[in-house]
Amino acid sequence: MSISIRHITKRFDDFVALDDVSVDVGKGSLTALLGPSGSGKSTLLRIVAGLEAADHGAVFIDGQDVTARPPQKRGVGFVFQHYAAFKHMTVHDNIAFGLAIRKRPKAEIAERVNQLLRLVQLEGLAKRYPSQLSGGQRQRMGLARALAIDPAVLLLDEPFGALDARVRAELRDWLRRLHDETHTTTVIVTHDQEEAMEVADQVAVMSEGQIEQVGSPREVYEQPANAFVMTFVGQAHRLGDTFVRPHDLEVTLEPNGSTREVMIDRIVHFGFDVRLDLVGGDGERLSVQTTRDQAELLELVSGQIVYVRPMRATTFS
Amino acid sequence: MTTFLLVVVVLPIAAVISKSTGKGWSGFWEVVSSPQAVAALKLTLVISTLAVLTTAVFGTVIAWVLVRDEFRGKSVVNAIIDLPFALPTIVAGLVIMALYGPRTPLDVTIGSFHFDADVTFTRGAIYVALLFVTLPFVVRTVQPVLIELDQELEDAAKSLGAGSFTTFRRIVLPGILPGILSGVAMAFARAVGEIGAIVLIAGNLPFKTEVASIHLFYRIEQDPEGSAAIAVVLLVISFSVLLGIGALRWLVTRHERG
Amino acid sequence: MGRLSLRFVALGYLTLILIGPLAMMVWRTAEDLDGAWTAITHPDTVAAFALTLKVAAIAVSVNTVFGIVCALVIVRGNIPGRGLLNAFIDLPLALSPVIVGFSLIALYGVNGWFGWFQRNGFEILFATPGIVLATIFVTLPFVAREVVPTLREIGTEQEQAAQTLGASGWQTFWRITLPSIRWAVVYGVVLTTARAIGEFGAVALVSGNIAGQTQTATLRVEDAYQFAYGNYAPAYGISFVLAATAILILVLMIVLQPKGARR
C-alpha cells in the first residue's frame with residue numbers, strides 16, 4: 001500500500017512543526033524520514049498514523065483519503081521509541097491484542113502469535129511480562145504486535161533510539177531482512193544517518209518542518225540538494241563557498257598549486273581507516289579520511305607539515 | 001461529573017456562607033467577637049500551632065531515623081506511623097485517655113514529688129490529642145523528600161569540613177523544607193478542625209478547654225446563624241491553608257522546572 | 001547528634017504518643033473481657049457496626065468512580081479549570097468535620113436550601129441518607145489523589161498503541177487504562193474505607209444519634225463513654241473492634257505499597 005502525503009502543515013502554538021510537506025512512499029518500499037530533532041519527522045509520522053491531526057493537507061493510504069479517519073481505522077502498525085508495552089499483559093497477550101480486539105477465534109490468534117514469535121525470535125518468552133525482557137526484546141515484541149494485525153503500512157518512530165549500540169546494529173540488520181521477506185510498506189523515523197543509509201530504499205531528509213531532499217541513500221549522499229543535506233548526511237568541511245567530504249581531500253608532501261598548508265595535529269587509527277586531524281595556518285581545523293596504507297605510504301607523523309587539496313568539491317548556489 | 005462535585009462540595013459550602021450572612025455584617029461580627037467564641041478560636045489556633053510545631057520537629061527526627069537508620073523492627077515502626085490515619089478519631093481519643101486519663105498507670109508519688117499523667121479537662125489533653133492525630137502528616141511528607149536527597153551532597157559538605165549539625169542545617173534542611181512545610185500545612189488544617197479525638201478527653205469547658213470545632217458543634221442546635229459565622233471563620237482558615245499548600249507546590253515545582 | 005541518640009528520641013516520642021497509649025487501651029480492654037463482649041454483641045452495637053459498614057460501602061463505591069473519572073479529567077482532560085479541580089479535590093482534607101456536618105444541615109435541614117425534602121417526609125438528615133452524604137464528602141479525595149500521580153507517570157503511549165491496534169475508546173479504557181492504575185485504585189479504596197469507618201464529627205451532627213437506627217459505630221463509642229457511669233468496658237470493647245479493623249487496614253496498606261502506591 002502506497003502512502004501519499006500532500007501539503008501537510010502543522011503548528012504547535014507559534015512553532016511550525018511541518019510546513020507544506022509532501023512526499024510519496026511507494027508500495028513495498030522502506031523509506032526513512034531522516035533529520036535532526038525538531039525537524040518534524042516524528043510529527044509527520046504520527047500524522048500519517050492518525051495520532052496527531054494536521055492543520056492543513058491530506059494523507060492518502062493506497063489511494064484513499066484517510067485524513068479524517070481515526071488511528072483505529074487506518075490499518076497502520078505503529079512501533080514506539082519506548083516500546084509502549086502493555087505492562088500488565090504477557091508477551092503473548094501483547095502481541096495478540098489487535099486480534100483480540102477484532103474478536104478473532106482463539107485458535108487463530110494462538111497460531112498467529114506463535115508464528116510471529118518465531119519471526120521475531122522470541123519463542124519461549126510468550127508467558128513473560130515486558131518487565132522481564134531486555135530493551136531489544138521489548139522492541140521486537142512491539143514489532144510483532146504491530147505486524148499481528150497485518151497492517152497496510154508499518155510506521156516506526158525512532159524504534160532503536162532507546163537501545164545500546166550493539167543491539168541497535170543487530171536490530172537494524174534484522175529489520176532490513178524482515179522487510180525483504182514481508183515487503184510491507186514501511187516508514188522509519190530516525191536521526192541516525194547511518195541507520196537511514198543502511199536500512200532504507202529511499203531517504204527523505206528533513207529540516208525545520210520541511211523536506212530538503214528525497215532520494216536513494218546514494219543519491220542523497222553523492223548528490224546532496226543543498227548545504228544542509230550535505231552536512232547532515234555524512235561529513236563535510238566548508239572551505240569558503242565549497243563543501244568537501246573528508247575522504248575527498250588529497251594529502252601530499254609537497255605543495256602543488258591549489259593546495260593549502262596544514263599541520264598534522266593527531267592521527268587517529270580506526271583499524272583500516274585513518275583520520276588525520278589537521279590544523280591550518282589560521283587555526284582552522286580540518287579532518288581527512290584516508291586509508292592505513294595511504295598513511296603508511298606517505299610516512300605521516302604527528303606534527304608534520306603537509307598539503308591538502310580537494311579532489312572533488314560541491315558548491316551550492 | 002462537574003455536577004457531582006458541585007452538589008457534593010460547592011453547594012454545602014455556599015450554603016454555610018450564605019447562612020452566615022443571615023444577620024448581616026454586624027450580626028456576623030457580634031457572634032464572632034463574643035467572648036466564648038473568641039476564647040475558643042484563640043485556644044484552637046494557639047494549641048494547634050504548638051502541636052504542629054512539636055510534630056514538625058519530632059516528625060522530622062522520626063522521618064530521618066526511618067530513612068537513614070537501620071534497626072530490628074524498623075518496618076513495624078514505619079507501619080505504625082500511619083495508625084492515626086487509619087484509626088477513627090474517637091477511638092484515638094479513647095486510646096490517649098487510656099494512658100493520659102483518669103486511671104492512668106503513670107501516677108507516681110515519691111516523697112513530696114507527685115507526677116500524674118492525667119490530663120483530662122486540661123489544655124494538655126488537647127495538646128496530646130493533636131500530637132497523636134498530626135503525627136503522620138509530617139513524617140510522610142518528609143520521608144520521600146529525604147529519600148530523594150542525594151547523600152553525596154552531605155558527603156561533599158563533610159569532606160569540605162562541615163560538622164554534622166552544620167551539614168544538616170545548610171545542606172539537608174533546605175532540601176527537606178518543602179516536605180516539612182507541606183506536612184505542617186496539612187497537619188495544621190487537620191488540627192484546627194479536629195473534634196473526635198478531643199471531645200472525650202478535653203471536657204469541653206468553655207473558656208478553658210473548648211476548642212472552636214466543639215464550640216461550633218454545641219452552638220448549632222441553638223443558634224444556626226451565629227454558628228455559621230464561626231464556621232465561616234474556620235472555612236477561611238482552611239482555605240488559606242489550602243492556598244498555602246497550592247502555592248508551596250507551585251513554588252517547589254517551579255524550582256524543578258528550571 | 002549521634003545516631004543512637006536520634007533513634008532514642010524518635011522511638012521515645014513514638015512510645016509516649018503512639019505505642020504507649022495503644023498498648024494501654026488493649027490492656028484496659030483485656031481487664032474486663034466479659035463486659036467488652038457483652039457490649040459488642042448488644043443488638044444496638046451490632047446495628048451500629050452494620051450501619052457503619054453499609055455507609056462505608058456506599059461511600060467507597062461512589063468515590064471510587066468519582067475518583068477515577070476525576071483523575072482522568074485532571075491528568076488527561078482538556079477542559080479549562082482542571083488545575084482548579086485538582087486544588088478543590090483536597091478541600092475535604094482541610095475542612096473540619098463539624099463544618100461538613102453543618103453545611104449539610106444548612107442545605108438539607110428544615111430551614112435549608114433544599115429543606116423541601118426534610119419537610120415532606122424524604123428524610124435526609126437524622127437518617128441514613130444524611131450520614132451517607134456526610135461520609136461521601138469527607139472521603140472524596142482519596143482515590144483521586146492516589147490515581148493522579150500514577151496516571152501521570154504511566155503516560156499515554158500504551159493507550160496510543162492500543163488505538164493503532166484498533167481498540168475503541170471504551171476498549172482502550174477497560175483493557176489498558178484501568179488495569180494500569182488498578183493498584184493505585186485499590187490503595188485509594190483502602191484509605192477511603194478507613195476514613196469512612198472512622199468518621200465522627202460530621203456524622204455526629206447529621207445523624208440524630210438514635211441507637212439502633214442512625215447510630216454509627218463511632219457514635220456508639222462516644223455514647224458508651226458519656227453514659228459509662230464508671231463502667232468503661234463497653235467503650236473500650238467497641239473501640240477495640242474498631243482499632244483492630246484499623247490495624248487490619250494498616251496491614252493491607254503495607255502489603256499494597258510496593259505494588260505501586262505513590263508512597
# chains A, B, ... in the order shown; residues from 1 in each chain; ligands from 1
>>> residues_around(residues="C:Gly83", least_positions_apart="3", cutoff="12 Å", atoms="only C-alpha atoms", output="list of chain:residue names")
B:Gly246, B:Trp250, C:Cys70, C:Ala71, C:Val73, C:Ile74, C:Val75, C:Arg76, C:Gly77, C:Asn78, C:Ile79, C:Pro80, C:Asn86, C:Ala87, C:Phe88, C:Ile89, C:Asp90
>>> write_last_selection(atoms="C-alpha atoms", output="PDB file, in the first residue's frame")
ATOM      1  CA  GLY B 246      -1.025  25.063  46.464  1.00  0.00           C
ATOM      2  CA  TRP B 250       3.835  25.683  42.661  1.00  0.00           C
TER       3      TRP B 250
ATOM      4  CA  CYS C  70     -11.703  12.956  38.325  1.00  0.00           C
ATOM      5  CA  ALA C  71      -8.150  11.721  37.909  1.00  0.00           C
ATOM      6  CA  VAL C  73     -10.026  14.687  33.813  1.00  0.00           C
ATOM      7  CA  ILE C  74      -7.181  16.224  35.794  1.00  0.00           C
ATOM      8  CA  VAL C  75      -4.405  14.343  34.017  1.00  0.00           C
ATOM      9  CA  ARG C  76      -5.805  13.785  30.545  1.00  0.00           C
ATOM     10  CA  GLY C  77      -8.712  16.148  30.173  1.00  0.00           C
ATOM     11  CA  ASN C  78      -8.687  19.259  28.104  1.00  0.00           C
ATOM     12  CA  ILE C  79     -11.232  21.377  29.909  1.00  0.00           C
ATOM     13  CA  PRO C  80     -10.052  24.651  31.353  1.00  0.00           C
ATOM     14  CA  ASN C  86      -7.076  19.467  41.379  1.00  0.00           C
ATOM     15  CA  ALA C  87      -6.961  22.028  44.162  1.00  0.00           C
ATOM     16  CA  PHE C  88     -10.632  21.553  45.022  1.00  0.00           C
ATOM     17  CA  ILE C  89     -10.174  17.834  45.466  1.00  0.00           C
ATOM     18  CA  ASP C  90      -8.092  18.454  48.550  1.00  0.00           C
TER      19      ASP C  90
END
>>> interface_residues(of="chain C", to="chain B", cutoff="7 Å", atoms="only C-alpha atoms", output="ChimeraX atom specification")
/C:6-7,10,17-18,20-22,24-25,94-99,103-104,106-107,137,194-195,197-201,218,222,239,243,246,250,254
>>> write_last_selection(atoms="N, CA and C atoms", output="short mmCIF file (atom, residue, chain, number, x, y, z; two decimals), in the first residue's frame")
data_model
loop_
_atom_site.label_atom_id
_atom_site.label_comp_id
_atom_site.auth_asym_id
_atom_site.auth_seq_id
_atom_site.Cartn_x
_atom_site.Cartn_y
_atom_site.Cartn_z
N LEU C 6 19.51 9.99 68.35
CA LEU C 6 18.37 10.33 67.49
C LEU C 6 17.33 9.22 67.51
N ARG C 7 17.84 8.01 67.41
CA ARG C 7 16.94 6.87 67.42
C ARG C 7 16.16 6.84 68.73
N ALA C 10 13.48 9.49 68.71
CA ALA C 10 12.37 9.12 67.83
C ALA C 10 11.51 8.04 68.46
N ILE C 17 3.63 8.93 72.57
CA ILE C 17 2.46 9.45 71.88
C ILE C 17 1.60 8.38 71.24
N LEU C 18 2.23 7.31 70.78
CA LEU C 18 1.51 6.36 69.96
C LEU C 18 1.42 4.97 70.59
N GLY C 20 2.56 3.66 73.50
CA GLY C 20 2.13 3.56 74.89
C GLY C 20 0.62 3.60 75.04
N PRO C 21 0.00 4.68 74.54
CA PRO C 21 -1.46 4.76 74.65
C PRO C 21 -2.17 3.55 74.04
N LEU C 22 -1.69 3.11 72.87
CA LEU C 22 -2.33 1.98 72.20
C LEU C 22 -2.25 0.72 73.07
N MET C 24 -1.89 0.59 76.22
CA MET C 24 -2.72 0.78 77.39
C MET C 24 -4.18 0.48 77.09
N MET C 25 -4.63 0.89 75.91
CA MET C 25 -6.03 0.65 75.56
C MET C 25 -6.31 -0.84 75.46
N ALA C 94 -8.90 19.47 54.22
CA ALA C 94 -8.54 20.64 55.01
C ALA C 94 -9.70 21.13 55.87
N LEU C 95 -10.86 20.55 55.68
CA LEU C 95 -12.07 21.05 56.33
C LEU C 95 -12.36 20.32 57.63
N SER C 96 -12.85 21.06 58.62
CA SER C 96 -13.25 20.41 59.85
C SER C 96 -14.53 19.60 59.62
N PRO C 97 -14.61 18.40 60.18
CA PRO C 97 -15.81 17.57 60.01
C PRO C 97 -17.07 18.30 60.50
N VAL C 98 -16.90 19.15 61.49
CA VAL C 98 -18.06 19.89 62.00
C VAL C 98 -18.63 20.79 60.92
N ILE C 99 -17.76 21.41 60.16
CA ILE C 99 -18.21 22.26 59.07
C ILE C 99 -18.95 21.44 58.03
N SER C 103 -22.69 22.19 57.06
CA SER C 103 -23.08 22.60 55.72
C SER C 103 -24.22 21.73 55.21
N LEU C 104 -24.21 20.48 55.61
CA LEU C 104 -25.31 19.61 55.18
C LEU C 104 -26.61 20.01 55.87
N ALA C 106 -27.27 23.04 56.78
CA ALA C 106 -27.66 24.29 56.11
C ALA C 106 -28.37 24.01 54.79
N LEU C 107 -27.99 22.91 54.15
CA LEU C 107 -28.60 22.59 52.87
C LEU C 107 -29.91 21.82 53.01
N PHE C 137 -18.68 13.10 51.39
CA PHE C 137 -17.96 14.38 51.36
C PHE C 137 -16.56 14.22 51.94
N ALA C 194 -11.00 3.24 55.42
CA ALA C 194 -10.57 3.57 56.78
C ALA C 194 -11.20 4.87 57.24
N ARG C 195 -11.18 5.84 56.36
CA ARG C 195 -11.73 7.14 56.71
C ARG C 195 -13.24 7.09 56.89
N ILE C 197 -15.08 4.54 57.80
CA ILE C 197 -15.42 3.85 59.06
C ILE C 197 -15.17 4.78 60.24
N GLY C 198 -14.12 5.59 60.12
CA GLY C 198 -13.69 6.37 61.26
C GLY C 198 -14.35 7.73 61.43
N GLU C 199 -15.18 8.13 60.50
CA GLU C 199 -15.75 9.47 60.56
C GLU C 199 -16.61 9.67 61.80
N PHE C 200 -16.43 10.81 62.45
CA PHE C 200 -17.19 11.10 63.66
C PHE C 200 -17.90 12.44 63.61
N GLY C 201 -17.16 13.52 63.52
CA GLY C 201 -17.71 14.86 63.67
C GLY C 201 -18.88 15.18 62.75
N THR C 218 -18.78 4.68 65.46
CA THR C 218 -18.02 5.71 66.17
C THR C 218 -18.91 6.49 67.14
N GLU C 222 -18.71 6.97 71.51
CA GLU C 222 -18.86 8.20 72.28
C GLU C 222 -20.00 8.06 73.27
N SER C 239 -14.28 0.14 70.94
CA SER C 239 -13.08 0.77 70.39
C SER C 239 -12.08 -0.26 69.94
N ALA C 243 -10.35 -0.49 66.48
CA ALA C 243 -8.90 -0.39 66.38
C ALA C 243 -8.35 -1.59 65.63
N ALA C 246 -8.82 -1.09 62.11
CA ALA C 246 -7.86 -0.12 61.60
C ALA C 246 -6.50 -0.77 61.37
N LEU C 250 -4.33 -1.17 58.11
CA LEU C 250 -2.92 -0.78 58.07
C LEU C 250 -2.08 -1.87 57.41
N ILE C 254 0.28 -1.77 54.01
CA ILE C 254 1.69 -2.14 53.89
C ILE C 254 1.88 -3.13 52.75
#
>>> atom_distance(atom1="atom CA of A:Arg177", atom2="atom CA of A:Val199")
9.2 Å
>>> residues_around(residues="stretch 255-264 of chain A", least_positions_apart="6", cutoff="6 Å", atoms="only C-alpha atoms", output="mmCIF file with N, CA and C atoms, in the first residue's frame")
data_model
loop_
_atom_site.group_PDB
_atom_site.id
_atom_site.type_symbol
_atom_site.label_atom_id
_atom_site.label_comp_id
_atom_site.auth_asym_id
_atom_site.auth_seq_id
_atom_site.Cartn_x
_atom_site.Cartn_y
_atom_site.Cartn_z
ATOM 1 N N LEU A 278 43.849 17.901 11.199
ATOM 2 C CA LEU A 278 44.797 18.897 10.706
ATOM 3 C C LEU A 278 44.459 20.285 11.220
ATOM 4 N N VAL A 279 45.505 21.098 11.370
ATOM 5 C CA VAL A 279 45.293 22.499 11.739
ATOM 6 C C VAL A 279 45.923 23.386 10.683
ATOM 7 N N GLY A 280 45.113 24.354 10.185
ATOM 8 C CA GLY A 280 45.632 25.255 9.167
ATOM 9 C C GLY A 280 46.346 26.440 9.800
ATOM 10 N N SER A 302 52.623 12.751 13.482
ATOM 11 C CA SER A 302 52.029 13.914 14.121
ATOM 12 C C SER A 302 53.026 15.059 14.145
ATOM 13 N N GLY A 303 52.559 16.274 13.891
ATOM 14 C CA GLY A 303 53.434 17.437 13.897
ATOM 15 C C GLY A 303 53.976 17.755 12.505
ATOM 16 N N GLN A 304 53.769 16.852 11.557
ATOM 17 C CA GLN A 304 54.316 17.042 10.231
ATOM 18 C C GLN A 304 53.516 18.092 9.454
ATOM 19 N N ILE A 305 54.214 18.854 8.623
ATOM 20 C CA ILE A 305 53.540 19.802 7.726
ATOM 21 C C ILE A 305 53.237 19.078 6.418
ATOM 22 N N VAL A 306 51.977 19.126 5.989
ATOM 23 C CA VAL A 306 51.604 18.502 4.720
ATOM 24 C C VAL A 306 50.705 19.472 3.956
ATOM 25 N N TYR A 307 50.233 19.039 2.794
ATOM 26 C CA TYR A 307 49.438 19.903 1.939
ATOM 27 C C TYR A 307 48.175 19.178 1.508
ATOM 28 N N VAL A 308 47.049 19.862 1.565
ATOM 29 C CA VAL A 308 45.800 19.210 1.174
ATOM 30 C C VAL A 308 45.129 19.966 0.046
ATOM 31 N N ARG A 309 44.326 19.192 -0.691
ATOM 32 C CA ARG A 309 43.630 19.780 -1.824
ATOM 33 C C ARG A 309 42.382 18.935 -2.051
#
>>> residues_around(residues="B:Ile171", least_positions_apart="6", cutoff="12 Å", atoms="only C-alpha atoms", output="list in words")
Leu146, Leu149, Asp150, Gln151, Glu152, Leu153, Glu154, Asp155, Ala156, Ala157, Lys158, Ala162, Gly163, Ser164, Phe165 and Leu177 of chain B
>>> interface_residues(of="chain A", to="chain C", cutoff="6 Å", atoms="only C-alpha atoms", output="list in words")
Pro71, Gln72, Ala84 and Gly98 of chain A
>>> write_last_selection(atoms="C-alpha atoms", output="short mmCIF file (atom, residue, chain, number, x, y, z; two decimals), in the first residue's frame")
data_model
loop_
_atom_site.label_atom_id
_atom_site.label_comp_id
_atom_site.auth_asym_id
_atom_site.auth_seq_id
_atom_site.Cartn_x
_atom_site.Cartn_y
_atom_site.Cartn_z
CA PRO A 71 -5.95 5.63 14.02
CA GLN A 72 -8.14 2.61 14.65
CA ALA A 84 4.64 1.31 24.76
CA GLY A 98 -5.04 -6.31 17.98
#
>>> residues_around(residues="stretch 44-60 of chain C", least_positions_apart="3", cutoff="9 Å", atoms="only C-alpha atoms", output="ChimeraX atom specification")
/C:39-41,63-65,128-129,131-133,135-137,139-140,189-190,192-198,211-220,238
>>> write_last_selection(atoms="N, CA and C atoms", output="mmCIF file, in the first residue's frame")
data_model
loop_
_atom_site.group_PDB
_atom_site.id
_atom_site.type_symbol
_atom_site.label_atom_id
_atom_site.label_comp_id
_atom_site.auth_asym_id
_atom_site.auth_seq_id
_atom_site.Cartn_x
_atom_site.Cartn_y
_atom_site.Cartn_z
ATOM 1 N N ALA C 39 -20.991 -5.799 75.509
ATOM 2 C CA ALA C 39 -21.266 -4.560 74.781
ATOM 3 C C ALA C 39 -21.177 -4.773 73.272
ATOM 4 N N ILE C 40 -20.195 -5.534 72.845
ATOM 5 C CA ILE C 40 -20.001 -5.733 71.403
ATOM 6 C C ILE C 40 -21.173 -6.482 70.782
ATOM 7 N N THR C 41 -21.709 -7.421 71.535
ATOM 8 C CA THR C 41 -22.762 -8.252 70.959
ATOM 9 C C THR C 41 -24.172 -7.706 71.197
ATOM 10 N N ASN C 63 -17.182 7.094 45.575
ATOM 11 C CA ASN C 63 -15.946 7.850 45.436
ATOM 12 C C ASN C 63 -14.896 7.160 44.595
ATOM 13 N N THR C 64 -15.003 5.853 44.417
ATOM 14 C CA THR C 64 -14.067 5.178 43.526
ATOM 15 C C THR C 64 -14.341 5.607 42.091
ATOM 16 N N VAL C 65 -15.616 5.562 41.709
ATOM 17 C CA VAL C 65 -15.956 6.003 40.356
ATOM 18 C C VAL C 65 -15.573 7.465 40.176
ATOM 19 N N THR C 128 -30.311 7.729 57.381
ATOM 20 C CA THR C 128 -29.145 7.214 56.679
ATOM 21 C C THR C 128 -28.644 8.089 55.524
ATOM 22 N N PRO C 129 -29.541 8.628 54.672
ATOM 23 C CA PRO C 129 -29.028 9.428 53.552
ATOM 24 C C PRO C 129 -28.085 10.539 53.998
ATOM 25 N N ILE C 131 -26.173 10.596 56.641
ATOM 26 C CA ILE C 131 -24.897 10.000 57.046
ATOM 27 C C ILE C 131 -24.068 9.651 55.815
ATOM 28 N N VAL C 132 -24.763 9.098 54.812
ATOM 29 C CA VAL C 132 -24.050 8.720 53.590
ATOM 30 C C VAL C 132 -23.440 9.944 52.916
ATOM 31 N N LEU C 133 -24.244 11.018 52.817
ATOM 32 C CA LEU C 133 -23.736 12.235 52.182
ATOM 33 C C LEU C 133 -22.517 12.775 52.914
ATOM 34 N N THR C 135 -20.427 11.175 54.758
ATOM 35 C CA THR C 135 -19.274 10.297 54.582
ATOM 36 C C THR C 135 -18.687 10.446 53.182
ATOM 37 N N ILE C 136 -19.550 10.598 52.183
ATOM 38 C CA ILE C 136 -19.038 10.786 50.829
ATOM 39 C C ILE C 136 -18.189 12.038 50.766
ATOM 40 N N PHE C 137 -18.678 13.105 51.387
ATOM 41 C CA PHE C 137 -17.956 14.376 51.365
ATOM 42 C C PHE C 137 -16.556 14.222 51.940
ATOM 43 N N THR C 139 -14.704 11.614 52.380
ATOM 44 C CA THR C 139 -13.801 10.635 51.779
ATOM 45 C C THR C 139 -13.568 10.910 50.303
ATOM 46 N N LEU C 140 -14.030 12.053 49.854
ATOM 47 C CA LEU C 140 -13.943 12.400 48.434
ATOM 48 C C LEU C 140 -12.568 12.244 47.804
ATOM 49 N N VAL C 189 -8.910 2.951 47.630
ATOM 50 C CA VAL C 189 -10.101 2.362 48.231
ATOM 51 C C VAL C 189 -9.850 2.020 49.695
ATOM 52 N N VAL C 190 -8.691 1.469 49.973
ATOM 53 C CA VAL C 190 -8.354 1.116 51.355
ATOM 54 C C VAL C 190 -8.359 2.362 52.246
ATOM 55 N N THR C 192 -9.926 5.162 51.662
ATOM 56 C CA THR C 192 -11.300 5.647 51.738
ATOM 57 C C THR C 192 -12.086 4.870 52.779
ATOM 58 N N THR C 193 -11.918 3.558 52.769
ATOM 59 C CA THR C 193 -12.639 2.713 53.722
ATOM 60 C C THR C 193 -12.278 3.085 55.156
ATOM 61 N N ALA C 194 -11.002 3.237 55.419
ATOM 62 C CA ALA C 194 -10.567 3.569 56.776
ATOM 63 C C ALA C 194 -11.204 4.873 57.236
ATOM 64 N N ARG C 195 -11.183 5.841 56.358
ATOM 65 C CA ARG C 195 -11.730 7.144 56.711
ATOM 66 C C ARG C 195 -13.241 7.090 56.892
ATOM 67 N N ALA C 196 -13.904 6.301 56.036
ATOM 68 C CA ALA C 196 -15.361 6.198 56.101
ATOM 69 C C ALA C 196 -15.787 5.553 57.416
ATOM 70 N N ILE C 197 -15.083 4.536 57.802
ATOM 71 C CA ILE C 197 -15.422 3.853 59.056
ATOM 72 C C ILE C 197 -15.166 4.776 60.236
ATOM 73 N N GLY C 198 -14.119 5.594 60.119
ATOM 74 C CA GLY C 198 -13.690 6.372 61.265
ATOM 75 C C GLY C 198 -14.354 7.727 61.434
ATOM 76 N N ALA C 211 -29.938 5.314 68.800
ATOM 77 C CA ALA C 211 -29.343 3.987 68.932
ATOM 78 C C ALA C 211 -30.173 2.960 68.189
ATOM 79 N N GLY C 212 -29.495 2.092 67.487
ATOM 80 C CA GLY C 212 -30.176 1.028 66.760
ATOM 81 C C GLY C 212 -30.646 1.458 65.389
ATOM 82 N N GLN C 213 -30.664 2.772 65.150
ATOM 83 C CA GLN C 213 -31.144 3.202 63.831
ATOM 84 C C GLN C 213 -30.175 4.109 63.094
ATOM 85 N N THR C 214 -29.815 5.200 63.710
ATOM 86 C CA THR C 214 -28.923 6.113 62.986
ATOM 87 C C THR C 214 -27.616 6.326 63.742
ATOM 88 N N GLN C 215 -27.239 5.326 64.511
ATOM 89 C CA GLN C 215 -26.016 5.474 65.278
ATOM 90 C C GLN C 215 -24.922 4.617 64.646
ATOM 91 N N THR C 216 -23.875 5.291 64.227
ATOM 92 C CA THR C 216 -22.773 4.524 63.647
ATOM 93 C C THR C 216 -21.865 4.010 64.761
ATOM 94 N N ALA C 217 -20.919 3.176 64.394
ATOM 95 C CA ALA C 217 -20.024 2.586 65.386
ATOM 96 C C ALA C 217 -19.285 3.654 66.181
ATOM 97 N N THR C 218 -18.779 4.682 65.463
ATOM 98 C CA THR C 218 -18.020 5.712 66.171
ATOM 99 C C THR C 218 -18.910 6.487 67.138
ATOM 100 N N LEU C 219 -20.146 6.743 66.722
ATOM 101 C CA LEU C 219 -21.062 7.450 67.616
ATOM 102 C C LEU C 219 -21.361 6.612 68.842
ATOM 103 N N ARG C 220 -21.409 5.319 68.626
ATOM 104 C CA ARG C 220 -21.703 4.432 69.745
ATOM 105 C C ARG C 220 -20.579 4.462 70.778
ATOM 106 N N ILE C 238 -15.855 -1.737 72.222
ATOM 107 C CA ILE C 238 -16.187 -1.344 70.843
ATOM 108 C C ILE C 238 -14.988 -0.678 70.170
#
>>> select_by_dssp(residues="stretch 171-204 of chain A", states="strand (DSSP E)", output="number ranges by chain")
A: 185-190, 202-204
>>> write_last_selection(atoms="C-alpha atoms", output="JSON list (two decimals), in the first residue's frame")
[["chain", "number", "residue", "atom", "x", "y", "z"],
["A", 185, "THR", "CA", 5.37, -0.60, 3.08],
["A", 186, "THR", "CA", 7.45, 0.82, 5.91],
["A", 187, "VAL", "CA", 8.37, 4.29, 7.08],
["A", 188, "ILE", "CA", 11.05, 4.67, 9.73],
["A", 189, "VAL", "CA", 11.88, 7.90, 11.54],
["A", 190, "THR", "CA", 15.49, 8.33, 12.62],
["A", 202, "GLN", "CA", 14.52, 5.84, -0.02],
["A", 203, "VAL", "CA", 15.60, 8.63, 2.28],
["A", 204, "ALA", "CA", 13.67, 11.85, 2.89]]
